[in-house]
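The data block below is final_13.cif; it holds mmCIF, C-alpha atoms.
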data_coords
#
loop_
_atom_site.label_atom_id
_atom_site.label_comp_id
_atom_site.auth_asym_id
_atom_site.auth_seq_id
_atom_site.Cartn_x
_atom_site.Cartn_y
_atom_site.Cartn_z
CA MET A 1 113.89 65.47 49.06
CA ASP A 2 113.21 69.16 48.52
CA GLY A 3 109.99 68.87 50.48
CA ARG A 4 111.80 67.29 53.43
CA LYS A 5 114.46 69.99 53.43
CA SER A 6 111.87 72.71 53.46
CA ASP A 7 110.08 71.01 56.36
CA THR A 8 113.27 70.96 58.44
CA VAL A 9 114.30 74.51 57.54
CA LEU A 10 110.98 76.11 58.50
CA PRO A 11 111.06 74.96 62.18
CA ARG A 12 114.64 76.22 62.45
CA LYS A 13 113.64 79.64 61.15
CA ARG A 14 110.69 79.75 63.51
CA GLY A 15 112.93 78.77 66.43
CA ARG A 16 115.39 81.52 65.54
CA ARG A 17 112.59 84.06 65.39
CA ARG A 18 111.34 82.99 68.79
CA ASP A 19 114.86 83.25 70.20
CA ARG A 20 115.23 86.74 68.78
CA ARG A 21 111.89 87.78 70.20
CA GLY A 22 112.93 86.35 73.57
CA VAL A 23 116.22 88.27 73.51
CA ILE A 24 114.46 91.49 72.52
CA GLY A 25 111.83 90.96 75.23
CA ASN A 26 114.45 90.31 77.91
CA THR A 27 116.47 93.32 76.79
CA GLY A 28 113.39 95.53 76.99
CA LEU A 29 112.57 94.14 80.42
CA TYR A 30 116.07 94.78 81.76
CA LEU A 31 116.08 98.27 80.24
CA ALA A 32 112.73 99.14 81.83
CA THR A 33 113.92 97.75 85.18
CA GLY A 34 117.13 99.80 84.97
CA ILE A 35 115.23 103.00 84.18
CA ALA A 36 112.80 102.35 87.05
CA THR A 37 115.73 101.73 89.41
CA LEU A 38 117.40 104.98 88.40
CA LEU A 39 114.17 106.92 88.90
CA PHE A 40 113.78 105.31 92.32
CA LEU A 41 117.33 106.33 93.32
CA VAL A 42 117.02 109.95 92.16
CA PRO A 43 115.44 111.20 95.42
CA PHE A 44 118.18 109.52 97.46
CA TYR A 45 120.84 111.11 95.27
CA LEU A 46 119.27 114.54 95.72
CA LEU A 47 119.02 113.94 99.46
CA ILE A 48 122.70 113.07 99.84
CA ARG A 49 123.86 115.73 97.39
CA ASN A 50 121.93 118.57 99.03
CA SER A 51 122.74 117.46 102.57
CA LEU A 52 126.46 117.99 101.80
CA SER A 53 125.96 121.34 100.04
CA THR A 54 125.45 124.94 101.04
CA ASP A 55 122.15 126.76 100.57
CA ALA A 56 123.68 128.69 97.66
CA GLU A 57 124.65 125.44 95.90
CA ILE A 58 121.20 123.97 96.48
CA THR A 59 119.24 126.95 95.14
CA GLY A 60 121.84 128.27 92.64
CA GLU A 61 121.31 128.32 88.89
CA ASN A 62 124.54 126.48 88.04
CA TRP A 63 123.71 122.90 88.91
CA LYS A 64 126.55 120.50 89.71
CA PHE A 65 126.22 116.76 89.97
CA PHE A 66 128.05 116.95 93.29
CA PRO A 67 129.36 120.00 95.19
CA THR A 68 133.01 120.90 94.76
CA HIS A 69 133.62 120.91 98.50
CA LEU A 70 131.56 118.51 100.58
CA GLN A 71 130.11 120.28 103.60
CA TRP A 72 130.68 117.69 106.33
CA GLY A 73 130.31 120.50 108.82
CA ASN A 74 126.56 120.38 108.23
CA ILE A 75 126.44 117.35 110.54
CA SER A 76 128.00 119.18 113.48
CA GLU A 77 125.89 122.26 112.73
CA LEU A 78 122.77 120.11 112.85
CA PHE A 79 123.53 118.58 116.25
CA ASP A 80 124.95 121.80 117.75
CA ASP A 81 121.89 123.90 116.90
CA PRO A 82 120.61 125.19 120.28
CA THR A 83 117.10 125.93 118.97
CA VAL A 84 116.40 122.37 117.77
CA PRO A 85 117.50 119.46 120.00
CA PHE A 86 117.88 117.05 117.10
CA ALA A 87 119.75 114.36 119.05
CA ARG A 88 117.00 114.40 121.68
CA SER A 89 114.39 114.16 118.92
CA LEU A 90 116.09 111.08 117.47
CA TRP A 91 116.10 109.47 120.90
CA ASN A 92 112.42 110.29 121.45
CA SER A 93 111.48 108.83 118.07
CA ALA A 94 113.47 105.66 118.78
CA VAL A 95 111.81 105.16 122.17
CA VAL A 96 108.35 105.93 120.80
CA GLY A 97 108.86 103.67 117.77
CA VAL A 98 110.11 100.67 119.77
CA LEU A 99 107.58 100.90 122.62
CA HIS A 100 104.73 101.70 120.23
CA THR A 101 105.64 98.65 118.13
CA LEU A 102 105.91 96.27 121.07
CA GLY A 103 102.73 97.55 122.70
CA THR A 104 100.72 97.45 119.48
CA LEU A 105 101.83 93.89 118.69
CA LEU A 106 100.95 92.71 122.20
CA VAL A 107 97.55 94.41 122.45
CA CYS A 108 96.40 93.74 118.89
CA SER A 109 97.64 90.15 118.79
CA LEU A 110 95.78 89.35 122.02
CA ALA A 111 92.64 91.02 120.67
CA GLY A 112 92.93 89.23 117.33
CA TYR A 113 93.57 85.88 119.00
CA GLY A 114 90.59 86.32 121.29
CA LEU A 115 88.30 87.19 118.39
CA ALA A 116 89.55 84.24 116.35
CA ARG A 117 89.71 81.50 118.97
CA ILE A 118 87.72 82.24 122.15
CA PRO A 119 84.06 81.21 121.66
CA TYR A 120 81.81 84.15 122.48
CA LYS A 121 78.41 84.89 120.98
CA HIS A 122 79.16 88.59 120.52
CA ALA A 123 82.62 88.06 118.98
CA ASN A 124 81.50 88.94 115.45
CA LYS A 125 79.73 92.08 116.67
CA ILE A 126 82.88 93.22 118.44
CA PHE A 127 84.90 92.47 115.32
CA TYR A 128 82.55 94.54 113.17
CA ALA A 129 82.78 97.37 115.71
CA VAL A 130 86.57 97.24 115.35
CA LEU A 131 86.21 97.47 111.58
CA VAL A 132 83.96 100.51 111.94
CA THR A 133 86.80 102.36 113.67
CA LEU A 134 88.78 102.11 110.41
CA MET A 135 86.22 104.39 108.77
CA VAL A 136 86.69 107.18 111.33
CA PRO A 137 89.37 109.73 110.24
CA ALA A 138 92.20 110.05 112.74
CA ALA A 139 91.85 113.85 112.79
CA VAL A 140 88.33 113.49 114.26
CA THR A 141 89.71 111.85 117.40
CA PHE A 142 92.49 114.39 118.00
CA VAL A 143 90.47 116.79 120.16
CA PRO A 144 88.92 114.20 122.53
CA SER A 145 92.22 112.32 122.70
CA PHE A 146 94.10 115.51 123.56
CA VAL A 147 91.56 116.42 126.24
CA LEU A 148 91.94 112.97 127.78
CA VAL A 149 95.74 113.03 127.64
CA SER A 150 95.83 116.56 129.04
CA SER A 151 93.56 115.61 131.94
CA LEU A 152 95.96 112.79 132.79
CA GLY A 153 98.92 115.16 132.73
CA TRP A 154 100.63 113.35 129.87
CA VAL A 155 101.32 116.36 127.63
CA ASP A 156 105.02 116.67 126.76
CA SER A 157 105.64 113.11 127.90
CA LEU A 158 106.40 109.79 126.25
CA ARG A 159 103.24 108.31 127.74
CA GLY A 160 101.14 110.83 125.87
CA LEU A 161 102.94 109.96 122.63
CA ILE A 162 102.72 106.17 123.00
CA VAL A 163 99.65 105.06 124.96
CA PRO A 164 96.83 106.59 122.82
CA GLY A 165 98.08 104.77 119.71
CA LEU A 166 98.67 101.31 121.16
CA PHE A 167 95.52 99.85 119.63
CA SER A 168 95.11 99.71 115.86
CA GLY A 169 91.93 98.39 114.29
CA PHE A 170 93.73 97.45 111.10
CA THR A 171 96.47 95.52 112.94
CA CYS A 172 93.82 93.75 115.02
CA PHE A 173 92.02 92.81 111.80
CA LEU A 174 95.22 91.35 110.30
CA PHE A 175 95.96 89.32 113.43
CA ARG A 176 92.41 87.97 113.56
CA GLN A 177 92.55 86.88 109.92
CA TYR A 178 95.96 85.28 110.43
CA PHE A 179 94.90 83.35 113.54
CA LEU A 180 91.83 82.02 111.73
CA GLY A 181 94.22 80.21 109.40
CA PHE A 182 96.56 79.03 112.14
CA PRO A 183 96.49 75.20 112.58
CA LYS A 184 94.09 74.35 115.40
CA GLU A 185 95.73 70.97 115.89
CA LEU A 186 98.73 72.60 117.57
CA GLU A 187 96.53 74.45 120.04
CA GLU A 188 94.44 71.35 120.75
CA ALA A 189 97.60 69.43 121.55
CA ALA A 190 98.62 72.24 123.91
CA ARG A 191 95.26 72.05 125.70
CA VAL A 192 95.69 68.30 126.13
CA ASP A 193 98.91 69.13 127.97
CA GLY A 194 96.96 71.41 130.29
CA LEU A 195 97.55 74.81 128.70
CA GLY A 196 94.78 77.39 128.57
CA TYR A 197 94.20 80.07 125.99
CA TRP A 198 97.04 82.23 127.33
CA GLY A 199 99.47 79.31 127.48
CA ALA A 200 98.58 78.20 123.96
CA TYR A 201 98.95 81.76 122.68
CA TRP A 202 102.29 82.43 124.37
CA ARG A 203 103.97 79.02 123.98
CA ILE A 204 102.53 77.71 120.73
CA VAL A 205 101.05 80.48 118.58
CA VAL A 206 103.64 83.22 119.05
CA PRO A 207 106.78 81.07 118.48
CA ASN A 208 105.23 79.69 115.28
CA SER A 209 104.15 83.11 113.99
CA LEU A 210 107.40 85.07 114.20
CA ASN A 211 107.41 85.83 110.46
CA PHE A 212 104.04 87.48 110.67
CA PHE A 213 104.95 89.35 113.86
CA ALA A 214 108.16 90.59 112.24
CA ALA A 215 106.28 91.83 109.18
CA LEU A 216 103.77 93.80 111.24
CA ALA A 217 106.58 95.04 113.49
CA THR A 218 108.30 96.55 110.46
CA ILE A 219 105.15 98.31 109.28
CA THR A 220 104.24 99.51 112.78
CA PHE A 221 107.72 100.86 113.52
CA ILE A 222 107.86 102.78 110.25
CA SER A 223 104.40 104.21 110.93
CA GLY A 224 105.37 105.25 114.45
CA TRP A 225 108.65 106.79 113.32
CA ASN A 226 106.96 108.83 110.57
CA ALA A 227 104.05 110.03 112.75
CA PHE A 228 103.76 113.82 112.73
CA LEU A 229 100.35 115.24 113.67
CA TRP A 230 99.92 113.60 117.08
CA PRO A 231 103.53 114.25 118.22
CA LEU A 232 103.10 117.86 117.04
CA VAL A 233 100.00 118.24 119.22
CA ILE A 234 101.46 116.53 122.31
CA GLY A 235 105.11 117.59 122.06
CA GLN A 236 104.81 121.29 122.88
CA ASP A 237 108.17 121.38 124.67
CA PRO A 238 111.20 121.03 122.32
CA GLN A 239 112.58 118.31 124.64
CA ALA A 240 109.50 116.21 123.80
CA TRP A 241 109.78 116.62 120.02
CA THR A 242 110.12 113.63 117.76
CA VAL A 243 112.32 113.71 114.68
CA GLN A 244 109.44 114.61 112.35
CA VAL A 245 108.51 117.64 114.45
CA ALA A 246 112.16 118.68 114.59
CA LEU A 247 112.36 118.50 110.79
CA SER A 248 109.41 120.86 110.43
CA SER A 249 111.10 123.45 112.65
CA TYR A 250 113.77 124.14 110.00
CA MET A 251 111.11 125.64 107.75
CA THR A 252 109.59 128.86 109.13
CA ASN A 253 107.82 131.90 107.69
CA GLN A 254 111.08 133.86 107.75
CA THR A 255 113.79 131.42 106.74
CA VAL A 256 114.29 127.96 105.26
CA ASN A 257 117.51 126.14 106.16
CA PHE A 258 117.75 123.87 103.14
CA HIS A 259 121.06 122.23 104.01
CA LEU A 260 119.89 121.40 107.54
CA ILE A 261 116.56 120.05 106.29
CA PHE A 262 118.29 117.68 103.86
CA MET A 263 120.93 116.62 106.38
CA ALA A 264 118.34 115.99 109.08
CA THR A 265 116.21 114.02 106.62
CA ALA A 266 119.16 111.89 105.52
CA ILE A 267 120.01 111.04 109.12
CA SER A 268 116.39 110.41 110.12
CA ILE A 269 115.81 107.78 107.43
CA LEU A 270 118.86 105.70 108.40
CA PRO A 271 117.04 103.81 111.21
CA LEU A 272 114.22 102.97 108.81
CA VAL A 273 116.70 101.66 106.24
CA PHE A 274 118.38 99.44 108.85
CA VAL A 275 115.06 98.11 110.14
CA PHE A 276 113.82 97.37 106.64
CA LEU A 277 117.06 95.65 105.58
CA PHE A 278 117.06 93.53 108.74
CA LEU A 279 113.41 92.47 108.51
CA GLN A 280 112.78 92.54 104.75
CA ARG A 281 112.93 88.76 104.29
CA TRP A 282 110.08 88.37 106.78
CA LEU A 283 107.99 91.23 105.42
CA VAL A 284 106.60 89.58 102.28
CA GLN A 285 106.30 86.16 103.94
CA GLY A 286 104.37 87.58 106.87
CA ILE A 287 101.91 89.58 104.77
CA ALA A 288 101.35 86.55 102.53
CA GLN A 289 100.32 84.55 105.60
CA THR A 290 97.42 86.83 106.57
CA GLY A 291 94.99 84.32 105.08
CA ILE A 292 91.99 86.52 104.37
CA LYS A 293 89.05 84.48 105.57
CA GLY A 294 85.57 85.31 106.70
#

Kindly present the structure from the file in structure tokens form.
Amino acid sequence: MDGRKSDTVLPRKRGRRRDRRGVIGNTGLYLATGIATLLFLVPFYLLIRNSLSTDAEITGENWKFFPTHLQWGNISELFDDPTVPFARSLWNSAVVGVLHTLGTLLVCSLAGYGLARIPYKHANKIFYAVLVTLMVPAAVTFVPSFVLVSSLGWVDSLRGLIVPGLFSGFTCFLFRQYFLGFPKELEEAARVDGLGYWGAYWRIVVPNSLNFFAALATITFISGWNAFLWPLVIGQDPQAWTVQVALSSYMTNQTVNFHLIFMATAISILPLVFVFLFLQRWLVQGIAQTGIKG
């Protein structure tokens, strides 16, 4: 009898130990996740706190968790500044971001679809040439691109900001890899109904690939919104500035307007937050569908 009791007690003790270890492990996991979340939110706290403060409160020695008097007037000061047309810069960035995203998706998806589906003996060579462009630093192409844009009279214009960046080798590569994994049966059925490559692409492939398009649209829009070097080179007139160029103008060799920099930054990231929240459920799904194949 004693032997049987000991045999039943031991599994219970082992089960309790495992439960304790599981509770400790889950507690540690939640604690680490909470700490990581707080660290992630610190920059956003500093951004909001400093955007509603004065320069003295931002750079002062006596740090406060939040300013005593919130400086909501910083918003009107930002938009009423005659030297920096911030509202115009927001509009330029929105137009550039939307048109750049739509143009890039159209051009690169057509290129990727052609490389993946249209039989052509030099298709692989063209694809490898596209991959080679990924190894060329963007700064190397600035001078020839500026000379070309200047000769066309596109300096200080939206065309000069948008057109040179419509094609992306990396986006073309992602589309090509995705279309290689797209079911051919759907396209073959479309060709039986009399559709060509364009009809199959527009009526069959695109409607069934909206998740992937949405994912790349999110990445492309964020990239276009955050672009700085090319808009700085092309946008010489303040009326042609994008939001990133406008942000840099608040920091000069003589003065640094801290409260305006933080307020402008807080306002400039709002469109990105809305775009990400709206398209986030498609982002992971779309990237997972790239289907890296040879």

- prompt: Counting all atoms listed in the file, what is within 12 Å of stretch 72-81 of chain A, bar same-chain residues fewer than 4 positions away, as a ChimeraX atom specification?
  reply: /A:48-55,67,85-90,246-247,249-250,257-268

- request: Work out how far atom CA of A:Thr220 is from atom CA of A:Ser157, in Å to one decimal.
  value: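 Here the two named atoms are 20.4 Å from each other.
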
- request: For A:Ala200, work out the shell of residues within 6 Å, counting all atoms listed in the file and skipping chain neighbours fewer than 5 positions away, then give it as a list in words.
  value: Glu187, Ala190 and Leu195 of chain A

field: A:Leu272, A:Val95, A:Val192, A:Leu279 ranked by distance to A:Phe213, top pick (using only C-alpha atoms)
entry: A:Leu279

message: Give me the residues near A:Leu46 as JSON, numbers by chain, where near means some atom within 10 Å (using all atoms listed in the file) and where sequence neighbours in that chain fewer than 6 positions away do not count.
response: {"A": [58, 65, 66, 262]}

Counting only C-alpha atoms, which residues of stretch 88-174 of chain A fall within 6 Å of stretch 228-242 of chain A, and what is the closest atom pair for each with its distance in Å at one decimal, ordered by chain and rising number, as a tab-separated table?
residue	atom	partner	partner_atom	distance
A:Ser89	CA	A:Thr242	CA	4.5
A:Asn92	CA	A:Thr242	CA	5.5
A:Ser93	CA	A:Thr242	CA	5.0
A:Val155	CA	A:Ile234	CA	5.3
A:Asp156	CA	A:Gly235	CA	4.8

field: Hits from the PyMOL selection byres ((chain A and resi 140-142) around 12), listed as a ChimeraX atom specification
entry: /A:133,135-139,143-150,164-165,229-234

- line: Students should find that atom CA of A:Ala217 and atom CA of A:Gly112 are spaced 15.3 Å

query: What do you get, as an MDAnalysis selection string, if you spell out every residue that the PyMOL selection byres ((chain A and resi 100) around 10) selects here?
result: chainID A and resid 94:99 101:106 161:167 217 220:221 223:225

field: Minimum-distance residue to A:Leu186, chosen among A:Pro207, A:Gly28, A:Gly114, A:Gly169 (using all atoms listed in the file)
entry: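 Closest residue, counting all atoms listed in the file: A:Pro207.
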
query: Contacts of stretch 116-131 of chain A at 12 Å or less, counting only C-alpha atoms, minus same-chain residues fewer than 2 places along, as a PyMOL selection string?
result: chain A and resi 108-114+133-136+167-184+187-188+196-198+200-201+205+293-294

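Across the structure, atom CA of A:Gly199 and atom CA of A:Asn211 are spaced 19.9 Å apart.
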